[in-house]
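Down below is the structure, laid out as structure tokens.
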Amino acid sequence: QRQLQQQQQQMEASLAELQGLVQRASDSASQAVAPFVWVDGPLVTAMRRGDMLLVDEINLAEDAVLERLNSVLEPGRTLTLAERGGEGAEVIVAAPGFRLLATMNPGGDYGKKELSPALANRFTTVWVPALEDEQELEAILAARMGTQQTGPNQGPGLSGWELELQGVPPRLLAFWRFFRDNIAALARCSLSVRDLLAWATFVKVTAPRLGALAAYVHGAHLTLLDGLGAGVGLAPATAASLRAQCASFLRAQLPAELQPHARLAEGELQIASTLEAQAQAHSDSTAAAAANEDQAR
């Protein structure tokens with residue numbers, strides 16, 4: 001009897017091992033037939049968790065994608081997943097707390113389109129006008145360049161270019177005001193917050209090498225003036241005249257010793273050798289002063 005019990009236990013162990021092998025073989029076969037596995041995207045994940053989802057630039061999405069949002073924005077807040085393949089369609093019901101926010105630029109902008117009435121009616125629209133508050137704009141620029149801190153401890157310990165950097169946001173704001181009032185309508189373009197942030201980023205990155213104010217004038221040509229009038233049907237002579245007005249305003253913002261940088265940014269490449277010689281002379285004088293200090297010690 002004991003021998004029969006041992007044989008039965010061995011048979012049960014062998015059967016369990018065989019069942020495990022069959023299961024692994026079945027899983028491998030399923031993966032071989034369907035190598036792709038469904039993974040929830042941001043929308044499905046937010047609906048399951050009851051999170052808030054932001055869809056940026058929603059009117060750039062394809063119509064077939066946007067139509068899937070209609071049922072999500074209805075009172076039932078459902079989404080049918082028919083793409084899961086062999087598992088069958090699944091109906092997702094949004095958890096409490098789920099919110100869908102979307103942003104878009106007006107449909108009249110280049111490359112943009114309006115939302116379909118069926119989708120637009122499901123949103124509460126909040127119109128945000130272009131940023132015109134100068135104090136807020138200056139604060140944004142200062143934050144981008146890391147100059148937003150003010151107080152009695154601001155100046156000590158800062159290098160020359162870091163002190164110069166403090167004066168860049170007001171100059172950016174002054175140029176933005178000049179461009180808005182005198183150039184934008186004739187140039188058929190605007191100097192947007194995105195353009196100003198790109199300009200400010202260029203200044204922050206290149207200021208340690210060029211100096212903050214020199215980087216400021218070079219950044220103006222890189223982000224705006226070199227392409228002024230391109231793609232809007234502006235006559236070359238008109239574009240050149242507007243570019244010259246902007247360059248003149250920029251030169252007026254710079255001290256006399258930085259005027260060569262303004263000329264170089266405007267395309268006078270022959271001035272580059274003069275600037276290089278000045279930089280070398282400055283480097284030599286700095287090294288000589290350091291050597292004299294060492295000898296004095």
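Naming scheme: A, B, ... for chains in displayed order of the structure tokens; residues 1 onward per chain; ligands 1 onward as shown.
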
Where does range 16-63 of chain A meet range 89-104 of chain A within 7 Å, residue by residue, with the nearest atom pair and distance in Å to one decimal for each, counting only C-alpha atoms, listed by chain and rising number, as a tab-separated table?
```
residue	atom	partner	partner_atom	distance
A:Ala46	CA	A:Phe98	CA	6.7
A:Met47	CA	A:Ala94	CA	4.3
A:Arg48	CA	A:Ala95	CA	5.7
A:Arg49	CA	A:Ala95	CA	6.2
A:Gly50	CA	A:Phe98	CA	4.0
A:Asp51	CA	A:Phe98	CA	4.9
A:Met52	CA	A:Arg99	CA	4.6
A:Leu53	CA	A:Leu100	CA	5.0
A:Leu54	CA	A:Leu101	CA	4.7
A:Val55	CA	A:Ala102	CA	4.5
A:Asp56	CA	A:Thr103	CA	5.0
A:Glu57	CA	A:Met104	CA	4.4
A:Ile58	CA	A:Met104	CA	5.7
A:Asn59	CA	A:Met104	CA	6.1
```

Go ahead and write the selection's residues with N, CA and C atoms as a PDB file, in the first residue's frame.
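Result file is result_22.pdb:
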```
ATOM      1  N   ALA A  46      -5.584  57.860 -17.619  1.00  0.00           N
ATOM      2  CA  ALA A  46      -6.224  58.936 -16.853  1.00  0.00           C
ATOM      3  C   ALA A  46      -7.670  58.590 -16.529  1.00  0.00           C
ATOM      4  N   MET A  47      -8.377  57.956 -17.458  1.00  0.00           N
ATOM      5  CA  MET A  47      -9.758  57.570 -17.197  1.00  0.00           C
ATOM      6  C   MET A  47      -9.839  56.513 -16.096  1.00  0.00           C
ATOM      7  N   ARG A  48      -8.948  55.562 -16.116  1.00  0.00           N
ATOM      8  CA  ARG A  48      -8.969  54.510 -15.091  1.00  0.00           C
ATOM      9  C   ARG A  48      -8.665  55.087 -13.707  1.00  0.00           C
ATOM     10  N   ARG A  49      -7.714  56.016 -13.638  1.00  0.00           N
ATOM     11  CA  ARG A  49      -7.257  56.539 -12.352  1.00  0.00           C
ATOM     12  C   ARG A  49      -8.065  57.736 -11.866  1.00  0.00           C
ATOM     13  N   GLY A  50      -8.854  58.342 -12.748  1.00  0.00           N
ATOM     14  CA  GLY A  50      -9.554  59.559 -12.366  1.00  0.00           C
ATOM     15  C   GLY A  50      -8.641  60.759 -12.328  1.00  0.00           C
ATOM     16  N   ASP A  51      -7.629  60.787 -13.222  1.00  0.00           N
ATOM     17  CA  ASP A  51      -6.670  61.887 -13.263  1.00  0.00           C
ATOM     18  C   ASP A  51      -7.150  62.986 -14.199  1.00  0.00           C
ATOM     19  N   MET A  52      -6.389  64.059 -14.237  1.00  0.00           N
ATOM     20  CA  MET A  52      -6.634  65.156 -15.158  1.00  0.00           C
ATOM     21  C   MET A  52      -5.674  65.013 -16.340  1.00  0.00           C
ATOM     22  N   LEU A  53      -6.204  65.147 -17.564  1.00  0.00           N
ATOM     23  CA  LEU A  53      -5.400  64.972 -18.771  1.00  0.00           C
ATOM     24  C   LEU A  53      -5.429  66.261 -19.581  1.00  0.00           C
ATOM     25  N   LEU A  54      -4.245  66.750 -19.961  1.00  0.00           N
ATOM     26  CA  LEU A  54      -4.123  67.945 -20.788  1.00  0.00           C
ATOM     27  C   LEU A  54      -3.741  67.528 -22.201  1.00  0.00           C
ATOM     28  N   VAL A  55      -4.560  67.903 -23.188  1.00  0.00           N
ATOM     29  CA  VAL A  55      -4.279  67.640 -24.606  1.00  0.00           C
ATOM     30  C   VAL A  55      -3.820  68.964 -25.213  1.00  0.00           C
ATOM     31  N   ASP A  56      -2.528  69.086 -25.462  1.00  0.00           N
ATOM     32  CA  ASP A  56      -1.972  70.330 -25.979  1.00  0.00           C
ATOM     33  C   ASP A  56      -2.122  70.376 -27.494  1.00  0.00           C
ATOM     34  N   GLU A  57      -2.443  71.567 -28.024  1.00  0.00           N
ATOM     35  CA  GLU A  57      -2.613  71.771 -29.471  1.00  0.00           C
ATOM     36  C   GLU A  57      -3.588  70.736 -30.050  1.00  0.00           C
ATOM     37  N   ILE A  58      -4.764  70.660 -29.477  1.00  0.00           N
ATOM     38  CA  ILE A  58      -5.712  69.601 -29.840  1.00  0.00           C
ATOM     39  C   ILE A  58      -6.132  69.683 -31.304  1.00  0.00           C
ATOM     40  N   ASN A  59      -6.151  70.876 -31.889  1.00  0.00           N
ATOM     41  CA  ASN A  59      -6.608  70.997 -33.276  1.00  0.00           C
ATOM     42  C   ASN A  59      -5.550  70.604 -34.294  1.00  0.00           C
TER      43      ASN A  59
END
```

Would you mind listing, for every residue of range 188-228 of chain A within 9 Å of range 233-244 of chain A, the two atoms forming the shortest contact and the distance between them in Å to one decimal, using only C-alpha atoms, sorted by chain and ascending residue number, as a tab-separated table?
```
residue	atom	partner	partner_atom	distance
A:Arg188	CA	A:Leu234	CA	8.0
A:Leu225	CA	A:Arg243	CA	6.0
A:Asp226	CA	A:Arg243	CA	8.2
A:Leu228	CA	A:Ala239	CA	6.4
```

Expected file: the selected residues, all heavy atoms, as a short mmCIF file (atom, residue, chain, number, x, y, z; two decimals), in the first residue's frame:
```
data_model
loop_
_atom_site.label_atom_id
_atom_site.label_comp_id
_atom_site.auth_asym_id
_atom_site.auth_seq_id
_atom_site.Cartn_x
_atom_site.Cartn_y
_atom_site.Cartn_z
N ARG A 188 4.31 92.21 -41.24
CA ARG A 188 3.30 91.15 -41.29
C ARG A 188 3.66 89.97 -40.38
O ARG A 188 3.45 88.80 -40.70
CB ARG A 188 3.12 90.64 -42.73
CG ARG A 188 2.74 91.73 -43.72
CD ARG A 188 2.71 91.19 -45.13
NE ARG A 188 2.57 92.27 -46.11
CZ ARG A 188 2.70 92.11 -47.42
NH1 ARG A 188 2.93 90.90 -47.91
NH2 ARG A 188 2.58 93.13 -48.23
N LEU A 225 15.66 88.94 -36.83
CA LEU A 225 15.96 89.85 -37.93
C LEU A 225 16.46 89.14 -39.19
O LEU A 225 16.16 89.58 -40.30
CB LEU A 225 16.98 90.90 -37.48
CG LEU A 225 16.53 91.80 -36.32
CD1 LEU A 225 17.55 92.89 -36.06
CD2 LEU A 225 15.17 92.39 -36.60
N ASP A 226 17.22 88.07 -39.04
CA ASP A 226 17.74 87.38 -40.23
C ASP A 226 16.62 86.81 -41.10
O ASP A 226 16.78 86.67 -42.31
CB ASP A 226 18.70 86.26 -39.82
CG ASP A 226 20.04 86.81 -39.32
OD1 ASP A 226 20.27 88.03 -39.48
OD2 ASP A 226 20.83 86.03 -38.75
N LEU A 228 13.43 88.15 -41.11
CA LEU A 228 12.34 89.12 -41.17
C LEU A 228 11.84 89.26 -42.60
O LEU A 228 12.60 89.52 -43.52
CB LEU A 228 12.82 90.47 -40.65
CG LEU A 228 11.73 91.53 -40.43
CD1 LEU A 228 10.80 91.10 -39.30
CD2 LEU A 228 12.37 92.88 -40.10
#
```

Any chance you could list, as a PDB file with N, CA, C and O atoms, in the first residue's frame, the residues in range 31-154 of chain A that come up strand (DSSP E or B) when DSSP is run on the backbone?
```pdb
ATOM      1  N   MET A  52      -6.389  64.059 -14.237  1.00  0.00           N
ATOM      2  CA  MET A  52      -6.634  65.156 -15.158  1.00  0.00           C
ATOM      3  C   MET A  52      -5.674  65.013 -16.340  1.00  0.00           C
ATOM      4  O   MET A  52      -4.481  64.798 -16.159  1.00  0.00           O
ATOM      5  N   LEU A  53      -6.204  65.147 -17.564  1.00  0.00           N
ATOM      6  CA  LEU A  53      -5.400  64.972 -18.771  1.00  0.00           C
ATOM      7  C   LEU A  53      -5.429  66.261 -19.581  1.00  0.00           C
ATOM      8  O   LEU A  53      -6.498  66.818 -19.852  1.00  0.00           O
ATOM      9  N   LEU A  54      -4.245  66.750 -19.961  1.00  0.00           N
ATOM     10  CA  LEU A  54      -4.123  67.945 -20.788  1.00  0.00           C
ATOM     11  C   LEU A  54      -3.741  67.528 -22.201  1.00  0.00           C
ATOM     12  O   LEU A  54      -2.709  66.883 -22.411  1.00  0.00           O
ATOM     13  N   VAL A  55      -4.560  67.903 -23.188  1.00  0.00           N
ATOM     14  CA  VAL A  55      -4.279  67.640 -24.606  1.00  0.00           C
ATOM     15  C   VAL A  55      -3.820  68.964 -25.213  1.00  0.00           C
ATOM     16  O   VAL A  55      -4.633  69.862 -25.445  1.00  0.00           O
ATOM     17  N   THR A  78     -17.550  57.415 -21.493  1.00  0.00           N
ATOM     18  CA  THR A  78     -17.088  56.065 -21.808  1.00  0.00           C
ATOM     19  C   THR A  78     -16.164  56.082 -23.016  1.00  0.00           C
ATOM     20  O   THR A  78     -16.180  57.014 -23.823  1.00  0.00           O
ATOM     21  N   LEU A  79     -15.361  55.035 -23.118  1.00  0.00           N
ATOM     22  CA  LEU A  79     -14.475  54.838 -24.268  1.00  0.00           C
ATOM     23  C   LEU A  79     -14.439  53.349 -24.570  1.00  0.00           C
ATOM     24  O   LEU A  79     -14.098  52.543 -23.702  1.00  0.00           O
ATOM     25  N   THR A  80     -14.812  52.979 -25.792  1.00  0.00           N
ATOM     26  CA  THR A  80     -14.817  51.568 -26.193  1.00  0.00           C
ATOM     27  C   THR A  80     -13.501  51.243 -26.882  1.00  0.00           C
ATOM     28  O   THR A  80     -13.138  51.861 -27.889  1.00  0.00           O
ATOM     29  N   LEU A  81     -12.788  50.259 -26.331  1.00  0.00           N
ATOM     30  CA  LEU A  81     -11.502  49.842 -26.890  1.00  0.00           C
ATOM     31  C   LEU A  81     -11.725  48.597 -27.733  1.00  0.00           C
ATOM     32  O   LEU A  81     -11.782  47.482 -27.211  1.00  0.00           O
ATOM     33  N   GLU A  90     -13.394  46.381 -24.921  1.00  0.00           N
ATOM     34  CA  GLU A  90     -13.551  46.734 -23.509  1.00  0.00           C
ATOM     35  C   GLU A  90     -14.114  48.146 -23.430  1.00  0.00           C
ATOM     36  O   GLU A  90     -13.667  49.042 -24.141  1.00  0.00           O
ATOM     37  N   VAL A  91     -15.086  48.336 -22.580  1.00  0.00           N
ATOM     38  CA  VAL A  91     -15.694  49.648 -22.394  1.00  0.00           C
ATOM     39  C   VAL A  91     -15.125  50.252 -21.113  1.00  0.00           C
ATOM     40  O   VAL A  91     -15.306  49.699 -20.023  1.00  0.00           O
ATOM     41  N   ILE A  92     -14.425  51.374 -21.267  1.00  0.00           N
ATOM     42  CA  ILE A  92     -13.830  52.067 -20.123  1.00  0.00           C
ATOM     43  C   ILE A  92     -14.790  53.168 -19.677  1.00  0.00           C
ATOM     44  O   ILE A  92     -15.241  53.979 -20.493  1.00  0.00           O
ATOM     45  N   VAL A  93     -15.100  53.189 -18.411  1.00  0.00           N
ATOM     46  CA  VAL A  93     -15.909  54.255 -17.812  1.00  0.00           C
ATOM     47  C   VAL A  93     -14.979  55.081 -16.928  1.00  0.00           C
ATOM     48  O   VAL A  93     -14.291  54.529 -16.062  1.00  0.00           O
ATOM     49  N   ARG A  99     -10.810  64.551 -15.611  1.00  0.00           N
ATOM     50  CA  ARG A  99     -11.075  65.798 -16.315  1.00  0.00           C
ATOM     51  C   ARG A  99     -10.207  65.841 -17.569  1.00  0.00           C
ATOM     52  O   ARG A  99      -9.060  65.397 -17.549  1.00  0.00           O
ATOM     53  N   LEU A 100     -10.767  66.377 -18.640  1.00  0.00           N
ATOM     54  CA  LEU A 100     -10.033  66.517 -19.895  1.00  0.00           C
ATOM     55  C   LEU A 100      -9.922  68.000 -20.236  1.00  0.00           C
ATOM     56  O   LEU A 100     -10.933  68.685 -20.418  1.00  0.00           O
ATOM     57  N   LEU A 101      -8.696  68.509 -20.268  1.00  0.00           N
ATOM     58  CA  LEU A 101      -8.418  69.884 -20.651  1.00  0.00           C
ATOM     59  C   LEU A 101      -7.711  69.886 -21.998  1.00  0.00           C
ATOM     60  O   LEU A 101      -6.981  68.952 -22.323  1.00  0.00           O
ATOM     61  N   ALA A 102      -7.915  70.920 -22.777  1.00  0.00           N
ATOM     62  CA  ALA A 102      -7.286  71.002 -24.092  1.00  0.00           C
ATOM     63  C   ALA A 102      -6.895  72.445 -24.366  1.00  0.00           C
ATOM     64  O   ALA A 102      -7.552  73.387 -23.903  1.00  0.00           O
TER      65      ALA A 102
END
```

So which residues of range 52-142 of chain A fall under helix (DSSP H, G or I) by DSSP, listed as a ChimeraX atom specification? /A:58-60,63-67,69-72,85-87,117-120,134-142

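Shortest atom-to-atom contact with Ile183 in chain A among A:Ala25, A:Cys246, A:Ala61, A:Leu258: A:Cys246, counting only C-alpha atoms.
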
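Considering only C-alpha atoms, the residue among A:Lys113, A:Ser190, A:Val37, A:Asp195 positioned nearest to Glu62 in chain A is A:Lys113.
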
Which one is closest to Val217 in chain A: A:Leu197, A:Ala230, A:Arg263, A:Gly146? Count only C-alpha atoms.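 For Val217 in chain A, the nearest of the given residues is A:Arg263.
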